[in-house]
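Student: Have a look at this one.
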Amino acid sequence: MRLATRLQGLQANVFADMDRAKQEAIAAGLPLWDLSLGSSDLPVAPHIVAAIQDSLQDSHSFGYTLFGATADLRRAIAQWLVVKFGVEVDPETEVLPLIGSQEGTGHLPLAVLNPGDMALLQNPGYPSHYGGVALAGGVPYGMELRPETGFLPQFDRIPGDVLARTRLMVLSYPHNPTTAIAPREFWEEALAFARRHDLVLAHDFPYVDFALDGSLPPSVLQVDRGRERSLEFFSLSKSYHMGGLRVGFAVGNRELIGALRRIKAVVDFNQYRGILRGAIAALTGPQDGLGHTQQILRERRDAAVQAFRAIGWTVPVPAATMYLWAPLPGGGNSLRFCQELVKNTGVALAPGSGFGSAGEGTCVWPWCSLRRFCRRRSRRSANFSDKLRSIAVLHSDETRQVGLQGRSPRIGSIRLSLGRKTVSF
């Protein structure tokens with residue numbers, strides 16, 4: 001069978017390799033601790049659940065909603081933006097509900113790129129951004145994010161021949177996976193750059209409420225007040241713990257919203273109306289749960305950092321999101337490290353290389369479900385940190401092995417010490 005050549009543009013899926021390693025761990029009888037996915041284990045607020053439950057008794061809630069969802073939801077989104085950012089938009093022409101924000105970021109390249117056009121993406125960055133460009137026949141250009149620049153792209157380092165072919169730039173802050181936050185000054189610079197080179201500026205903003213100091217990260221719509229060329233994507237998965245319900249929305253330039261709406265008309269008719277009513281309840285109802293969520297995440301973040309540091313693995317303290325961006329001491333192959341870790345301990349982390357070449361030498365740990373895994377482990381008469389303490393890491397340029405096994409180091413390697421079993425590579 002011959003498949004479409006556009007599939008060849010999709011990057012090799014590191015996470016598929018990790019899935020195979022997880023299955024091997026399960027087949028070997030290890031209890032799987034899957035810490036590779038940033039999915040909240042906190043409950044949905046009661047008023048959201050009640051709105052969805054009430055819809056089950058309404059016979060009118062089971063029909064198609066078509067590609068614009070409902071006017072009530074679009075108005076709720078517009079009002080939420082006013083309260084949140086002081087930004088006023090037209091709910092009829094500048095708002096589009098989505099089946100999760102990833103639907104929008106994945107389809108946007110189809111609306112703005114012709115085959116061969118280029119898109120500026122973050123490296124490391126969210127893998128779906130690359131996939132959307134590939135499916136549209138576009139060519140991604142990864143803007144490398146470095147710690148010394150605050151994980152912000154340096155626009156002046158992008159080659160002129162790349163810019164001549166570029167029509168789209170996709171950014172996301174707070175950033176997955178590095179956890180960086182972009183200041184307002186950066187968005188002013190990004191908008192000026194997009195104007196100068198006639199680019200569509202897209203901002204994927206699922207972690208709008210996840211600056212862990214309680215501050216509100218800036219929106220690109222606060223800078224591009226006229227919605228001249230920007231589009232911002234929001235999700236209810238993180239802030240309101242509604243990941244499985246798949247609710248998001250796009251806000252911004254009306255021409256871009258119209259283009260996305262035309263694509264959406266071919267693809268889907270949106271969700272069950274009860275889910276949309278739950279989204280309205282989330283956006284218009286009490287917001288005190290956001291502060292509670294941030295407090296819980298701060299506590300879990302601090303516990304995660306402490307657990308890593310207890311075994312000598314120095315990790316930066318995340319300022320936002322729900323991830324630890326953990327450099328492997330001495331670098332190394334992140335996929336192989338994560339594969340060996342899950343095969344021999346049952347603990348699954350996300351390899352940094354899955355987020356782009358600049359992610360190599362790191363692993364990503366979503367610590368948002370820390371309590372759930374601690375609870376599962378305690379039922380087996382052990383502590384979650386025991387799993388982490390089984391990891392021994394060696395700096396490639398030092399003779400110091402980290403861990404509890406007290407064995408002699410191997411220069412230039414990473415060693416996992418698992419009781420009597422040691423796996424080195």
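Going through the structure tokens in order, the chains are called A, B, and so on, while each chain numbers its residues from 1 and the ligands are numbered from 1 in the order shown.
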May I have the residues within 9 Å of A:Asp117 as a list in words, using only C-alpha atoms and disregarding those fewer than 5 positions away in the same chain?
Tutor: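 Here the answer would be Gly137, Gly138, Val139, Pro140, Arg165, Thr166, Arg167 and Leu168 of chain A.
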Student: Please, which residues of stretch 109-317 of chain A, numbered as in this document, come out alpha helix (DSSP H) from DSSP, as number ranges by chain?
Tutor: A: 109-112, 127-135, 160-163, 184-196, 254-267, 273-284, 288-310
Student: Generate a file of the selected residues that holds C-alpha atoms, formatted as a compact mmCIF listing (two decimals), in the first residue's frame.
Tutor:
```
# COMPACT_ATOMS: atom_id res chain seq x y z
CA PRO A 109 -0.23 25.79 8.79
CA LEU A 110 -2.81 24.45 6.33
CA ALA A 111 -4.37 27.90 6.31
CA VAL A 112 -1.23 29.99 5.83
CA PRO A 127 6.32 18.34 18.74
CA SER A 128 2.84 18.95 17.32
CA HIS A 129 3.95 22.34 16.01
CA TYR A 130 6.44 20.57 13.75
CA GLY A 131 3.87 17.98 12.72
CA GLY A 132 1.36 20.60 11.62
CA VAL A 133 3.92 22.29 9.37
CA ALA A 134 4.94 18.96 7.86
CA LEU A 135 1.36 17.96 7.07
CA GLY A 160 18.03 35.87 5.28
CA ASP A 161 17.31 33.08 2.79
CA VAL A 162 15.14 31.39 5.42
CA LEU A 163 13.21 34.59 6.13
CA ARG A 184 6.16 41.75 27.46
CA GLU A 185 9.23 43.35 25.86
CA PHE A 186 9.88 40.11 24.02
CA TRP A 187 6.37 40.14 22.55
CA GLU A 188 6.87 43.69 21.36
CA GLU A 189 10.07 42.56 19.65
CA ALA A 190 8.38 39.47 18.17
CA LEU A 191 5.50 41.53 16.77
CA ALA A 192 7.88 44.07 15.24
CA PHE A 193 9.87 41.23 13.68
CA ALA A 194 6.68 39.65 12.29
CA ARG A 195 5.62 42.98 10.79
CA ARG A 196 9.03 43.53 9.24
CA ARG A 254 -10.36 37.85 11.85
CA GLU A 255 -8.93 36.76 8.51
CA LEU A 256 -6.94 34.00 10.22
CA ILE A 257 -9.95 33.01 12.32
CA GLY A 258 -12.02 32.82 9.15
CA ALA A 259 -9.40 30.64 7.45
CA LEU A 260 -9.28 28.25 10.41
CA ARG A 261 -13.07 28.13 10.46
CA ARG A 262 -13.11 27.06 6.79
CA ILE A 263 -10.68 24.23 7.53
CA LYS A 264 -12.65 23.23 10.60
CA ALA A 265 -15.83 23.03 8.53
CA VAL A 266 -14.22 20.20 6.56
CA VAL A 267 -12.88 18.35 9.59
CA ARG A 273 -23.00 20.72 23.63
CA GLY A 274 -22.75 19.69 27.29
CA ILE A 275 -18.96 19.96 27.11
CA LEU A 276 -19.31 23.46 25.68
CA ARG A 277 -21.61 24.38 28.57
CA GLY A 278 -18.96 23.07 30.93
CA ALA A 279 -16.45 25.34 29.19
CA ILE A 280 -18.76 28.33 29.69
CA ALA A 281 -19.05 27.46 33.38
CA ALA A 282 -15.26 27.26 33.64
CA LEU A 283 -14.66 30.64 32.00
CA THR A 284 -17.48 32.56 33.69
CA ASP A 288 -10.41 30.83 42.93
CA GLY A 289 -9.45 27.29 41.92
CA LEU A 290 -6.59 28.72 39.85
CA GLY A 291 -4.76 29.93 42.94
CA HIS A 292 -5.36 26.60 44.66
CA THR A 293 -3.92 24.77 41.67
CA GLN A 294 -0.83 26.97 41.66
CA GLN A 295 -0.25 26.30 45.36
CA ILE A 296 -0.47 22.54 44.86
CA LEU A 297 1.85 22.71 41.85
CA ARG A 298 4.39 24.77 43.79
CA GLU A 299 4.42 22.14 46.53
CA ARG A 300 4.84 19.32 44.03
CA ARG A 301 7.51 21.22 42.13
CA ASP A 302 9.51 21.76 45.29
CA ALA A 303 9.16 18.10 46.25
CA ALA A 304 10.28 17.01 42.78
CA VAL A 305 13.33 19.29 42.80
CA GLN A 306 14.26 18.09 46.28
CA ALA A 307 13.94 14.44 45.24
CA PHE A 308 16.27 14.93 42.28
CA ARG A 309 18.77 16.93 44.28
CA ALA A 310 18.74 14.31 47.03
```
Student: Identify, on the basis of only C-alpha atoms, every residue whose closest approach to A:Tyr173 does not exceed 10 Å; exclude the query and any residue fewer than 3 positions from it along the same chain; express the result as a PyMOL selection string.
Tutor: chain A and resi 151-152+176-183+203-208+211+217-219+320-321
Student: Take the residues just selected and output them with C-alpha atoms as a short mmCIF file (atom, residue, chain, number, x, y, z; two decimals), in the first residue's frame.
Tutor:
```
data_model
loop_
_atom_site.label_atom_id
_atom_site.label_comp_id
_atom_site.auth_asym_id
_atom_site.auth_seq_id
_atom_site.Cartn_x
_atom_site.Cartn_y
_atom_site.Cartn_z
CA PHE A 151 15.22 30.32 26.20
CA LEU A 152 14.03 33.14 23.93
CA ASN A 176 7.05 23.53 27.17
CA PRO A 177 9.50 22.01 27.90
CA THR A 178 12.03 24.56 29.24
CA THR A 179 9.44 26.31 31.51
CA ALA A 180 10.70 29.77 30.46
CA ILE A 181 8.43 32.83 30.61
CA ALA A 182 8.63 35.57 27.96
CA PRO A 183 8.37 39.19 29.17
CA HIS A 203 1.13 32.01 20.19
CA ASP A 204 0.26 28.68 21.80
CA PHE A 205 -0.75 29.68 25.36
CA PRO A 206 -1.96 26.59 27.31
CA TYR A 207 0.01 27.55 30.44
CA VAL A 208 -1.53 31.00 30.82
CA ALA A 211 3.40 31.02 36.30
CA PRO A 217 2.27 35.96 31.74
CA PRO A 218 1.68 38.52 28.98
CA SER A 219 -0.54 37.83 26.00
CA ALA A 320 6.18 27.94 35.25
CA THR A 321 4.30 25.04 33.63
#
```
Student: Pick from A:Lys84, A:His241, A:Arg157, A:His175: nearest to A:Glu144, with only C-alpha atoms counted?
Tutor: A:Arg157
Student: Report as a PyMOL selection string: the residues of stretch 126-263 of chain A with a DSSP assignment of strand (DSSP E or B), based on the backbone of this structure.
Tutor: chain A and resi 139-144+166-171+200-204+211+230-235+248-252
Student: What's the 8 Å shell around A:Gly361, counting only C-alpha atoms, without same-chain residues fewer than 2 positions away, as a PyMOL selection string?
Tutor: chain A and resi 327-328+330-334+352-353+359+363
Student: Considering only C-alpha atoms, state which residue in the set A:Gln8, A:Ser36, A:Gln154, A:Ser59 is at the smallest distance from A:Leu349.
Tutor: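 Among the listed residues, A:Ser36 lies closest to A:Leu349.
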Student: To one decimal place in Å, what is the distance between atom CA of A:Val364 and atom CA of A:Tyr323?
Tutor: 6.5 Å
